[in-house]
Structures are given as structure tokens and as C-alpha cells.
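Participant: Supplied structure: protein_25.tsv, TSV, C-alpha atoms.
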chain	number	residue	atom	x	y	z
A	1	MET	CA	34.18	180.60	235.84
A	2	PRO	CA	36.99	179.84	233.36
A	3	GLU	CA	36.31	178.15	230.03
A	4	LEU	CA	36.65	174.39	230.30
A	5	THR	CA	37.35	173.94	226.61
A	6	THR	CA	39.26	175.90	224.04
A	7	GLU	CA	38.38	175.92	220.38
A	8	VAL	CA	41.15	174.53	218.22
A	9	GLU	CA	41.48	176.02	214.78
A	10	ARG	CA	40.91	173.52	211.97
A	11	LEU	CA	43.27	173.97	209.07
A	12	SER	CA	42.56	172.53	205.62
A	13	VAL	CA	44.22	171.94	202.31
A	14	VAL	CA	42.73	170.41	199.14
A	15	ILE	CA	45.08	168.06	197.28
A	16	GLU	CA	43.86	167.48	193.73
A	17	ILE	CA	45.39	164.53	191.90
A	18	GLY	CA	43.77	163.00	188.81
A	19	ASP	CA	41.05	165.64	188.87
A	20	MET	CA	39.90	164.29	192.25
A	21	PRO	CA	40.01	166.83	195.09
A	22	VAL	CA	40.76	165.42	198.55
A	23	ARG	CA	40.44	167.77	201.50
A	24	VAL	CA	42.80	167.13	204.39
A	25	ASN	CA	41.97	168.70	207.75
A	26	THR	CA	44.44	169.06	210.57
A	27	THR	CA	44.88	171.15	213.69
A	28	ASP	CA	48.66	171.05	213.36
A	29	PRO	CA	50.07	174.07	211.45
A	30	HIS	CA	53.44	172.33	211.06
A	31	PHE	CA	51.76	169.39	209.32
A	32	LEU	CA	49.84	171.80	207.07
A	33	ASP	CA	53.18	173.30	206.02
A	34	ILE	CA	54.48	169.80	205.27
A	35	LEU	CA	51.47	169.08	203.04
A	36	GLN	CA	51.70	172.37	201.19
A	37	ASP	CA	55.36	171.75	200.49
A	38	ARG	CA	54.98	168.07	199.57
A	39	TYR	CA	52.05	168.61	197.21
A	40	SER	CA	53.14	171.90	195.71
A	41	GLY	CA	51.48	172.13	192.29
A	42	PHE	CA	48.68	169.80	193.36
A	43	ILE	CA	47.07	172.11	195.93
A	44	SER	CA	43.67	173.12	194.58
A	45	GLU	CA	42.82	176.79	194.62
A	46	ARG	CA	39.23	176.04	193.62
A	47	ALA	CA	37.77	176.50	197.08
A	48	GLU	CA	34.24	176.39	195.73
A	49	ARG	CA	34.62	172.83	194.52
A	50	ASP	CA	33.38	170.16	196.92
A	51	PRO	CA	36.02	167.60	197.77
A	52	GLU	CA	35.28	164.04	196.73
A	53	ILE	CA	36.90	162.80	199.93
A	54	GLU	CA	37.63	164.51	203.23
A	55	PHE	CA	40.15	163.24	205.77
A	56	ASP	CA	40.67	164.42	209.32
A	57	VAL	CA	44.28	163.80	210.28
A	58	ASP	CA	45.07	163.07	213.90
A	59	ILE	CA	48.76	163.70	214.46
A	60	SER	CA	50.29	161.35	217.01
A	61	ARG	CA	53.67	161.63	218.65
A	62	ALA	CA	54.46	157.91	218.54
A	63	THR	CA	58.00	157.13	217.44
A	64	SER	CA	57.76	153.38	217.01
A	65	ALA	CA	56.42	153.67	213.46
A	66	ASP	CA	57.52	150.97	211.05
A	67	PRO	CA	56.87	152.21	207.49
A	68	PRO	CA	58.34	149.11	205.79
A	69	ALA	CA	55.72	146.90	207.43
A	70	ASP	CA	53.24	145.38	204.97
A	71	VAL	CA	50.28	147.52	204.15
A	72	SER	CA	46.86	146.09	204.90
A	73	VAL	CA	43.75	147.29	203.07
A	74	THR	CA	40.49	145.66	204.07
A	75	HIS	CA	36.81	146.38	203.52
A	76	HIS	CA	34.29	145.78	206.25
A	77	GLN	CA	30.71	146.99	206.63
A	78	GLY	CA	31.10	149.73	204.05
A	79	ARG	CA	34.34	151.11	205.45
A	80	TRP	CA	37.87	150.73	204.19
A	81	CYS	CA	40.58	150.21	206.77
A	82	LEU	CA	44.13	151.08	205.68
A	83	GLN	CA	46.98	150.15	207.95
A	84	ARG	CA	50.76	150.12	207.93
A	85	GLY	CA	53.33	150.38	210.66
A	86	ASP	CA	53.31	154.18	210.46
A	87	PHE	CA	49.62	154.95	209.96
A	88	ARG	CA	46.08	153.78	210.46
A	89	ALA	CA	43.28	155.20	208.32
A	90	GLU	CA	39.61	154.63	207.77
A	91	TRP	CA	37.51	155.79	204.87
A	92	ASN	CA	33.78	155.52	204.26
A	93	PRO	CA	33.00	155.96	200.54
A	94	ALA	CA	29.31	156.53	201.26
A	95	SER	CA	29.94	159.53	203.48
A	96	ARG	CA	33.06	160.46	201.48
A	97	SER	CA	34.90	161.02	204.72
A	98	GLY	CA	37.62	159.35	206.72
A	99	SER	CA	40.33	159.73	209.29
A	100	ILE	CA	44.08	159.18	209.39
A	101	ARG	CA	46.24	158.72	212.46
A	102	GLN	CA	49.94	159.26	211.79
A	103	THR	CA	52.95	161.26	212.87
A	104	ALA	CA	53.71	164.61	211.22
A	105	ASN	CA	55.46	163.29	208.11
A	106	PRO	CA	54.62	163.40	204.38
A	107	TYR	CA	55.21	159.70	203.70
A	108	SER	CA	52.31	158.21	205.61
A	109	ILE	CA	49.62	160.38	204.03
A	110	ASP	CA	51.27	159.84	200.66
A	111	ALA	CA	50.70	156.10	201.05
A	112	VAL	CA	47.10	156.70	202.13
A	113	LEU	CA	46.44	158.87	199.09
A	114	ARG	CA	47.93	156.30	196.71
A	115	ILE	CA	45.74	153.58	198.18
A	116	VAL	CA	42.58	155.68	198.16
A	117	HIS	CA	43.16	156.68	194.55
A	118	THR	CA	43.61	153.02	193.53
A	119	LEU	CA	40.33	152.15	195.25
A	120	VAL	CA	38.44	154.98	193.57
A	121	LEU	CA	40.00	154.35	190.15
A	122	ALA	CA	39.25	150.62	190.28
A	123	ARG	CA	35.54	151.39	190.45
A	124	GLN	CA	35.89	153.61	187.38
A	125	GLY	CA	37.97	151.34	185.15
A	126	GLY	CA	41.27	153.06	185.88
A	127	PHE	CA	44.38	152.31	187.89
A	128	LEU	CA	47.74	153.51	189.14
A	129	LEU	CA	50.60	151.98	187.18
A	130	HIS	CA	54.30	151.52	187.93
A	131	SER	CA	55.38	153.60	184.98
A	132	ALA	CA	56.79	156.92	184.00
A	133	SER	CA	54.53	159.05	181.83
A	134	ALA	CA	54.90	162.18	179.78
A	135	ILE	CA	53.05	164.37	177.31
A	136	ARG	CA	54.35	165.18	173.87
A	137	ASN	CA	52.40	166.95	171.13
A	138	GLY	CA	49.26	166.79	173.22
A	139	ARG	CA	49.36	163.02	173.74
A	140	ALA	CA	50.46	161.01	176.74
A	141	PHE	CA	52.95	158.13	176.64
A	142	LEU	CA	53.46	155.60	179.41
A	143	PHE	CA	56.73	153.77	180.09
A	144	ALA	CA	56.16	150.76	182.33
A	145	GLY	CA	58.64	148.55	184.07
A	146	VAL	CA	59.82	147.24	187.36
A	147	SER	CA	62.45	149.04	189.39
A	148	GLY	CA	65.62	149.33	187.28
A	149	ALA	CA	63.83	148.99	183.94
A	150	GLY	CA	64.54	152.60	183.05
A	151	LYS	CA	61.57	154.71	184.16
A	152	THR	CA	63.73	157.33	185.80
A	153	THR	CA	66.32	157.18	183.01
A	154	ILE	CA	63.85	157.81	180.21
A	155	SER	CA	62.28	160.61	182.26
A	156	ARG	CA	65.66	162.21	182.78
A	157	LEU	CA	66.42	161.99	179.03
A	158	ALA	CA	63.18	163.74	177.99
A	159	PRO	CA	63.78	166.75	175.72
A	160	PRO	CA	62.44	170.23	176.63
A	161	ASP	CA	59.23	169.89	174.61
A	162	VAL	CA	58.14	166.95	176.77
A	163	THR	CA	56.00	167.50	179.88
A	164	LEU	CA	56.78	164.95	182.58
A	165	LEU	CA	53.73	163.57	184.39
A	166	THR	CA	55.67	161.24	186.71
A	167	ASP	CA	58.81	159.14	186.76
A	168	GLU	CA	57.28	156.45	188.97
A	169	ILE	CA	53.49	156.11	189.34
A	170	SER	CA	51.18	156.94	186.44
A	171	TYR	CA	47.58	157.90	186.96
A	172	VAL	CA	45.29	156.27	184.38
A	173	ARG	CA	41.63	157.19	184.23
A	174	ARG	CA	39.08	155.90	181.79
A	175	SER	CA	37.96	158.85	179.70
A	176	SER	CA	34.49	160.31	179.81
A	177	VAL	CA	31.88	159.52	177.19
A	178	ARG	CA	32.72	162.68	175.27
A	179	GLU	CA	36.28	161.42	174.84
A	180	ARG	CA	35.25	157.89	173.96
A	181	GLU	CA	37.46	157.85	170.88
A	182	THR	CA	40.48	158.31	173.12
A	183	GLY	CA	39.62	155.84	175.83
A	184	TYR	CA	42.06	156.71	178.60
A	185	THR	CA	43.66	159.80	180.07
A	186	ALA	CA	46.93	160.11	181.98
A	187	PHE	CA	47.28	162.70	184.74
A	188	GLY	CA	50.35	164.12	186.38
A	189	THR	CA	51.08	162.88	189.89
A	190	PRO	CA	53.20	164.00	192.83
A	191	PHE	CA	54.25	160.37	193.32
A	192	THR	CA	57.94	160.45	192.52
A	193	GLY	CA	60.70	157.91	192.07
A	194	GLU	CA	64.46	158.41	191.98
A	195	LEU	CA	64.11	161.63	190.01
A	196	ALA	CA	62.40	163.14	193.07
A	197	LYS	CA	60.70	165.68	190.84
A	198	LEU	CA	56.96	166.14	191.01
A	199	GLY	CA	55.07	165.66	187.77
A	200	GLU	CA	53.20	168.50	186.16
A	201	ASN	CA	49.56	168.69	187.20
A	202	VAL	CA	48.18	168.33	183.68
A	203	SER	CA	46.56	165.55	181.65
A	204	ALA	CA	46.32	164.20	178.12
A	205	PRO	CA	44.78	161.29	176.23
A	206	ILE	CA	47.00	158.21	176.29
A	207	ALA	CA	48.48	157.38	172.89
A	208	ALA	CA	50.65	154.38	173.80
A	209	LEU	CA	52.06	152.22	176.55
A	210	TYR	CA	55.67	151.14	176.19
A	211	LEU	CA	57.12	148.22	178.14
A	212	LEU	CA	60.67	149.27	178.91
A	213	ALA	CA	63.75	147.19	178.23
A	214	GLN	CA	67.34	148.31	178.00
A	215	GLY	CA	69.41	147.01	175.08
A	216	PRO	CA	72.08	147.79	172.49
A	217	GLU	CA	69.85	149.88	170.22
A	218	ASN	CA	66.69	151.96	170.25
A	219	ARG	CA	63.74	150.08	168.80
A	220	ILE	CA	60.04	149.55	169.18
A	221	ASP	CA	58.62	146.04	168.79
A	222	PRO	CA	55.03	144.84	168.84
A	223	VAL	CA	53.76	142.93	171.85
A	224	ALA	CA	51.15	140.16	171.65
A	225	PRO	CA	47.87	141.00	173.41
A	226	GLY	CA	48.31	138.32	176.06
A	227	GLU	CA	51.79	139.49	176.94
A	228	ALA	CA	50.56	143.10	176.98
A	229	ALA	CA	47.83	142.22	179.48
A	230	ARG	CA	50.22	140.19	181.68
A	231	SER	CA	52.82	142.96	181.67
A	232	LEU	CA	50.24	145.60	182.45
A	233	LEU	CA	48.81	143.59	185.34
A	234	ALA	CA	52.31	143.01	186.68
A	235	ASN	CA	52.76	146.76	186.94
A	236	VAL	CA	49.33	147.80	188.25
A	237	LEU	CA	49.30	148.81	191.90
A	238	PHE	CA	47.22	146.40	193.97
A	239	PHE	CA	46.63	147.00	197.64
A	240	ALA	CA	43.24	145.71	198.64
A	241	GLU	CA	42.46	142.21	199.80
A	242	ASP	CA	39.08	142.53	198.16
A	243	GLU	CA	37.83	140.14	195.51
A	244	GLU	CA	35.50	142.58	193.79
A	245	LEU	CA	38.26	145.13	193.46
A	246	VAL	CA	40.71	142.59	192.07
A	247	GLN	CA	38.07	141.62	189.51
A	248	SER	CA	37.52	145.26	188.53
A	249	THR	CA	41.22	145.91	188.07
A	250	PHE	CA	41.73	142.66	186.15
A	251	HIS	CA	39.04	143.55	183.63
A	252	ALA	CA	40.18	147.20	183.50
A	253	ALA	CA	43.62	145.99	182.39
A	254	PHE	CA	42.13	143.96	179.54
A	255	GLU	CA	39.95	146.87	178.45
A	256	PHE	CA	43.03	149.08	178.44
A	257	VAL	CA	45.13	146.79	176.23
A	258	SER	CA	42.22	146.42	173.83
A	259	ARG	CA	42.09	150.20	173.33
A	260	VAL	CA	45.65	151.45	173.79
A	261	PRO	CA	48.59	150.27	171.64
A	262	VAL	CA	51.17	148.41	173.74
A	263	SER	CA	54.74	147.93	172.45
A	264	ARG	CA	58.14	147.04	173.80
A	265	LEU	CA	60.58	149.96	173.83
A	266	THR	CA	64.18	148.84	173.93
A	267	PHE	CA	66.58	151.70	174.44
A	268	VAL	CA	70.16	152.66	175.10
A	269	PRO	CA	70.44	155.32	177.77
A	270	ASP	CA	70.77	158.43	175.62
A	271	ALA	CA	68.33	161.08	174.44
A	272	ARG	CA	67.95	159.68	170.91
A	273	VAL	CA	65.32	157.26	172.18
A	274	TRP	CA	62.90	160.19	172.25
A	275	GLU	CA	63.18	160.41	168.43
A	276	LEU	CA	60.95	157.31	168.38
A	277	ILE	CA	58.26	158.80	170.61
A	278	GLY	CA	55.50	161.23	169.80
B	1	MET	CA	35.31	103.81	189.23
B	2	SER	CA	34.05	107.17	190.47
B	3	ARG	CA	33.62	110.06	188.12
B	4	LEU	CA	35.03	113.51	188.67
B	5	TYR	CA	33.08	116.73	188.12
B	6	LEU	CA	34.59	120.16	187.61
B	7	ALA	CA	33.20	123.64	188.21
B	8	ARG	CA	34.72	127.06	187.82
B	9	ASN	CA	35.52	128.81	191.05
B	10	PRO	CA	33.20	131.83	191.02
B	11	ARG	CA	35.76	133.80	193.03
B	12	VAL	CA	38.25	134.17	190.18
B	13	ALA	CA	38.26	136.55	187.23
B	14	ALA	CA	38.76	135.05	183.79
B	15	ARG	CA	39.37	136.50	180.42
B	16	GLY	CA	40.34	135.04	177.06
B	17	LEU	CA	42.57	137.12	174.82
B	18	ASP	CA	43.99	136.16	171.45
B	19	GLY	CA	43.62	132.44	172.23
B	20	GLU	CA	45.05	132.69	175.74
B	21	MET	CA	42.93	132.23	178.85
B	22	MET	CA	44.04	134.21	181.86
B	23	ILE	CA	42.72	133.75	185.35
B	24	MET	CA	43.28	135.97	188.36
B	25	SER	CA	42.67	134.88	191.90
B	26	GLY	CA	40.27	137.25	193.61
B	27	ARG	CA	41.81	136.31	196.93
B	28	ASP	CA	45.45	137.21	196.39
B	29	SER	CA	45.50	138.59	192.80
B	30	THR	CA	47.81	135.84	191.54
B	31	LEU	CA	47.67	135.67	187.73
B	32	PHE	CA	47.59	132.36	185.86
B	33	THR	CA	47.84	131.78	182.13
B	34	LEU	CA	46.20	128.48	181.18
B	35	ASN	CA	47.65	126.14	178.56
B	36	LYS	CA	45.38	124.63	175.90
B	37	THR	CA	44.35	121.63	177.96
B	38	ALA	CA	43.68	123.70	181.07
B	39	THR	CA	41.67	126.12	178.93
B	40	ILE	CA	39.49	123.24	177.70
B	41	LEU	CA	38.96	122.09	181.28
B	42	TRP	CA	38.04	125.63	182.34
B	43	GLN	CA	35.64	126.12	179.45
B	44	SER	CA	34.00	122.74	180.04
B	45	ALA	CA	33.78	122.98	183.82
B	46	ASP	CA	30.02	123.36	184.12
B	47	GLY	CA	29.65	121.25	187.26
B	48	THR	CA	27.58	118.58	185.51
B	49	THR	CA	29.73	117.17	182.72
B	50	PRO	CA	32.03	114.48	184.12
B	51	LEU	CA	35.72	114.72	183.39
B	52	ASP	CA	35.83	111.50	181.36
B	53	GLU	CA	33.24	112.97	178.96
B	54	ILE	CA	35.22	116.22	178.69
B	55	VAL	CA	38.30	114.20	177.87
B	56	GLU	CA	36.50	112.03	175.32
B	57	HIS	CA	34.62	114.82	173.54
B	58	ARG	CA	37.01	117.75	173.86
B	59	ILE	CA	40.56	116.72	174.65
B	60	CYS	CA	40.82	113.55	172.54
B	61	GLN	CA	39.21	115.46	169.67
B	62	GLU	CA	41.79	118.22	169.98
B	63	PHE	CA	44.92	116.18	170.60
B	64	GLU	CA	46.05	112.80	169.28
B	65	VAL	CA	46.25	111.01	172.59
B	66	GLU	CA	45.10	107.71	174.10
B	67	PRO	CA	41.87	108.18	176.11
B	68	ALA	CA	43.19	106.45	179.25
B	69	GLU	CA	46.40	108.49	179.24
B	70	ALA	CA	44.48	111.68	178.48
B	71	LEU	CA	42.11	111.04	181.38
B	72	HIS	CA	44.99	110.44	183.79
B	73	ASP	CA	46.75	113.65	182.69
B	74	ALA	CA	43.51	115.65	182.76
B	75	GLU	CA	42.74	114.50	186.30
B	76	THR	CA	46.21	115.46	187.44
B	77	LEU	CA	45.79	118.88	185.81
B	78	ALA	CA	42.30	119.36	187.26
B	79	ARG	CA	43.58	118.65	190.77
B	80	GLU	CA	46.41	121.13	190.20
B	81	LEU	CA	43.92	123.79	189.09
B	82	ALA	CA	41.80	123.00	192.14
B	83	ARG	CA	44.85	123.38	194.38
B	84	HIS	CA	45.22	126.91	193.00
B	85	GLU	CA	41.48	127.46	193.63
B	86	ILE	CA	40.79	128.00	189.93
B	87	LEU	CA	38.49	124.96	189.67
B	88	GLN	CA	36.34	123.12	192.16
B	89	ILE	CA	36.35	119.32	191.84
B	90	SER	CA	34.01	116.75	193.31
B	91	GLU	CA	32.87	113.17	192.83
B	92	GLU	CA	29.30	114.52	192.71
B	93	PRO	CA	27.84	117.08	190.28
B	94	ILE	CA	28.51	120.60	191.53
B	95	PRO	CA	25.55	123.01	191.60
B	96	GLN	CA	26.49	126.35	190.09
B	97	THR	CA	25.21	129.19	192.23
B	98	ALA	CA	26.76	132.04	190.31
B	99	PRO	CA	28.91	132.50	187.23
B	100	ALA	CA	32.59	133.21	187.66
B	101	LEU	CA	32.98	136.88	188.49
B	102	GLY	CA	33.49	138.73	185.29
B	103	GLY	CA	32.90	135.53	183.35
B	104	SER	CA	34.89	134.41	180.36
B	105	ARG	CA	34.90	137.14	177.85
Output the structure of this file as C-alpha cells.

Facilitator:
Amino acid sequence: MPELTTEVERLSVVIEIGDMPVRVNTTDPHFLDILQDRYSGFISERAERDPEIEFDVDISRATSADPPADVSVTHHQGRWCLQRGDFRAEWNPASRSGSIRQTANPYSIDAVLRIVHTLVLARQGGFLLHSASAIRNGRAFLFAGVSGAGKTTISRLAPPDVTLLTDEISYVRRSSVRERETGYTAFGTPFTGELAKLGENVSAPIAALYLLAQGPENRIDPVAPGEAARSLLANVLFFAEDEELVQSTFHAAFEFVSRVPVSRLTFVPDARVWELIG
Amino acid sequence: MSRLYLARNPRVAARGLDGEMMIMSGRDSTLFTLNKTATILWQSADGTTPLDEIVEHRICQEFEVEPAEALHDAETLARELARHEILQISEEPIPQTAPALGGSR
């Protein structure tokens, strides 16, 4: 009698962003190739390390996906439900596992990973921030601003001794007790902006947050604490329609501005601006 | 004339920083920065102190303003804050079941 079922090989890759390994399982070798290419530099080789989250990806062939549709992130009975026109995902923090249904593209899972990282970070006093970030002399600097403020420009102008963490989405994690003096650490991310260049997968204690503005000269000006908190909150990534999470992120932003110097960096678009940094 | 009672909406996050009170809606993450009068209303909104007493003891002490005018302006402001779901208002004392999430730090 012939076999009624055939065993399908499960393929896996561990994507480690912000020191948080996420295992992604798929049966589609083409999708595995997409992931390995998209997250080059963020693929963990530490096979012995347990993933903090594991996703099974179900690749669909639907073509009516609508990525620009609003993302919906809701929490119900211990499970997070993440939805956009081009994907539907569920994640159970208690079991540390979830599922994603999407077509074989890198953009849908990228959105899922961003959302999941914001949810995890919010519980830990961290956040993802619309900002470029870079390391110089062992310290990380963040450059926040809305689209057009100069995140990509200042990243592009960075001199060779600067390590770029991201030109678009910074990863901010509250530091461990042993690093209490520092307070916060910035990690490299594969979340790119116009520069379309992945950040380096390294981290450093955050020395300063600069609010970007373009002007006729390069200068750094102090920012009042209230304005610093408002500007930070305006640039923090929020996805979830969840009161507790909003509260956590709100207070995390205030903790951040009480520990990290925040200034306004006005700059003309040339490399001399980096003489003020580091 | 009926009295008006104010209570903080427990579903918002609040934080004072360098003299500014900031409130974030837990529902849609809208951020509000309160002016001085709104801050006094927020700080005094315990659900049991009527608005006219808040005006008399806090607002008229802080600003040089006629009590009747101050009460009218404070009521308008309180209703505006209630419309944004920052405060709850009622003509009866409002029992407080839980502090505002995160409280006023």
C-alpha cells in the first residue's frame, strides 16, 4: 500500500536582532533563501542558543495582498494578533511561539519582526525609534527625526571610523543591572531606510540622542526635558492598541530622557557635522 | 446650582517633568501637554473635591482672577479634558477604583 503522507522537510533560520534570537521555520526553500539574503549579518550561528520566539511561516500564494493597509495589533486571551493586508500573524508570549501566513516576500515578515520587537521591548523599558544610530569611540549616538529630517543624510556623511547601526529604525534596550551607569544600549538593525544598507550587528551604550534639524550652520543646542520627552514619543514606534503597552512605552520614554542627554543637532549637509559628535 | 466633581481617567498615563504635565491616552496613544490650569485640575481631580472648591482654593490662589469667571473657565476646561477622556466629570462624587495607570510621577 502506498504512503498516504509524505514528510515535508522543515527548514529553519535564527534571526538575531537586539540580542534576541527569533527562529523562523518554513518548508519553502525559496523563502529560506529570501530570509538569509534579507537578514545577512543578523543570522545567528549560535545553534545551541534557544530562540526567545519561534515562528512557523505558512507561505500562501495569494496575490491580492495590500501592504499599505493599516496594521492592526491586538491582544486577546494571551495571544497577540498582527494583521496587515499582506500578512496575518499570531504570537503567544507564554509559549514563545507563533505563526505567520504571508506570501514569499521579505517585507511582510520584516513588519512582523518590527512589531514583535516593539512588544518585547516595551515590557523591558526599551523601544524602537525612528532614528539613525551609529557608534563612535565605543559609544552610540542616536539621530531622531521624521522622514526628511536628515537621518539618511547624516548616515551617509559618517566618516570611516563610525559604525552605522541603522539609518532608519534604532533599537533601544534598557541596559542590564551590571551596566546601570550607562542606562541604555543601542543595537544594530537590519531595518533600513533610503540608504538601503543594513546596520552592523553590534551594540554600544547610548551616549546621546540628537533631534535632527537642517539649518545654515552646524550646532548643538540644549533641549528642555518636556520637549525632549515629546520629541522622543513622537518618534517611538507604536503599533499595539493596548493600554498597558502604551503606558509602558510612555514611561520608558520619560525614563530615557532622564538618563540620556537629549539635544537638538542642526546641520548643513556636509561631513563637518561629525566634528561635533563623539 | 449643581456641583461638578472631577476624577482622573485611570486609563491614561501621566507624568510631570520640569513643571509640565504630560498625559497619554492609553486608547490611541495621543499625547497631551497640560497648561497650568489643566494641571491644577488634573492634580486636584480626586473624585470628591467639587470643582468650585478647586477653583477657590487652587486656581484663585494661583492666578489673579474673579471667582465666578474662574469657575466658568475651569468648567469649560474640565469638559474639554473630559471630551479627550483625560478626566471624568459628574454631578455626583466619583468613586476612585484605581489610580491612573502609572500615576503622576

Participant: With only C-alpha atoms as the counted atoms, please give the residues lying no more than 6 Å from range 114-130 of chain A, apart from itself and same-chain residues fewer than 2 positions off, as a PyMOL selection string.

Facilitator: chain A and resi 111-112+144+168-174+235-237+248-249+252

Participant: Distance CA of Ala149 in chain A-CA of Ala14 in chain B, one decimal place?

Facilitator: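 Going from CA of Ala149 in chain A over to CA of Ala14 in chain B covers 28.7 Å.
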
Participant: What is the distance between CA of Ser155 in chain A and CA of Ala240 in chain A, in Å to one decimal?

Facilitator: 29.2 Å

Participant: With a distance threshold of 9 Å and counting all atoms listed in the file, extract the residues of chain A near chain B and express them as a PyMOL selection string.

Facilitator: chain A and resi 224-226+229-230+233-234+238+241-248+250-251+254

Participant: Can you pull out the residues contacting Glu217 in chain A? Cut-off 9 Å, using all atoms listed in the file, and skip same-chain residues under 2 positions away; I want them as a PyMOL selection string.

Facilitator: chain A and resi 214-215+219+266-268+273

Participant: Give me the residues near Asn92 in chain A as a PDB file with C-alpha atoms, in the frame of the given file, where near means some atom within 7 Å (using only C-alpha atoms) and where sequence neighbours in that chain fewer than 2 positions away do not count.

Facilitator:
ATOM      1  CA  GLY A  78      31.100 149.730 204.050  1.00  0.00           C
ATOM      2  CA  ARG A  79      34.340 151.110 205.450  1.00  0.00           C
ATOM      3  CA  TRP A  80      37.870 150.730 204.190  1.00  0.00           C
ATOM      4  CA  GLU A  90      39.610 154.630 207.770  1.00  0.00           C
ATOM      5  CA  ALA A  94      29.310 156.530 201.260  1.00  0.00           C
ATOM      6  CA  SER A  95      29.940 159.530 203.480  1.00  0.00           C
ATOM      7  CA  ARG A  96      33.060 160.460 201.480  1.00  0.00           C
ATOM      8  CA  SER A  97      34.900 161.020 204.720  1.00  0.00           C
ATOM      9  CA  GLY A  98      37.620 159.350 206.720  1.00  0.00           C
TER      10      GLY A  98
END

Participant: Can you work out the spacing between CA of Glu92 in chain B and CA of Ala78 in chain B in Å, to one decimal?

Facilitator: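 Pair CA of Glu92 in chain B / CA of Ala78 in chain B returns 14.9 Å.
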
Participant: Of the candidates A:Thr189, A:Ala132, A:Leu142, A:Leu212, which one gets nearest to Val260 in chain A if we count only C-alpha atoms?

Facilitator: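 Ranked by minimum distance to Val260 in chain A, first place goes to A:Leu142.
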
Participant: Quick one: residues within 7 Å of range 42-55 of chain B, all atoms listed in the file counted, chain neighbours fewer than 3 positions away excluded, as a PyMOL selection string?

Facilitator: chain B and resi 3-8+38-39+58-60+70-71+93-96

Participant: Looking at B:Ser2, B:Glu66, B:Leu41, B:Lys36, which one is nearest to Ile86 in chain B, with distances taken over only C-alpha atoms?

Facilitator: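 Of the candidates, the smallest distance to Ile86 in chain B is held by B:Leu41.
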
Participant: For a quick check of understanding, using only C-alpha atoms, which of A:Gly199, A:Pro29, A:Gly278, A:Pro222 has the smallest distance to Ala140 in chain A?

Facilitator: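 Closest to Ala140 in chain A of all the choices is A:Gly278.
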
Participant: Using all atoms listed in the file, list the residues that have an atom at most 8 Å from (49.4, 161.0, 214.8), coordinates as in the file, as a ChimeraX atom specification.

Facilitator: /A:57-62,87,100-104

Participant: Identify which of the residues A:Val22, A:Val257, A:Ile109, A:Cys81 lies closest to Leu35 in chain A, counting all atoms listed in the file when measuring atom-to-atom distances.

Facilitator: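 Closest to Leu35 in chain A of all the choices is A:Ile109.
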
Participant: Which residue is closest to Gly138 in chain A? Choose from A:Ala204, A:Ala89, A:Ile53, A:Ile220 and count all atoms listed in the file.

Facilitator: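 Smallest distance to Gly138 in chain A is found for A:Ala204.
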
Participant: For Pro160 in chain A, work out the shell of residues within 12 Å, counting all atoms listed in the file and skipping chain neighbours fewer than 5 positions away, then give it as a list in words.

Facilitator: Ala134, Ile135, Arg136, Asn137, Ser155, Ala271 and Trp274 of chain A
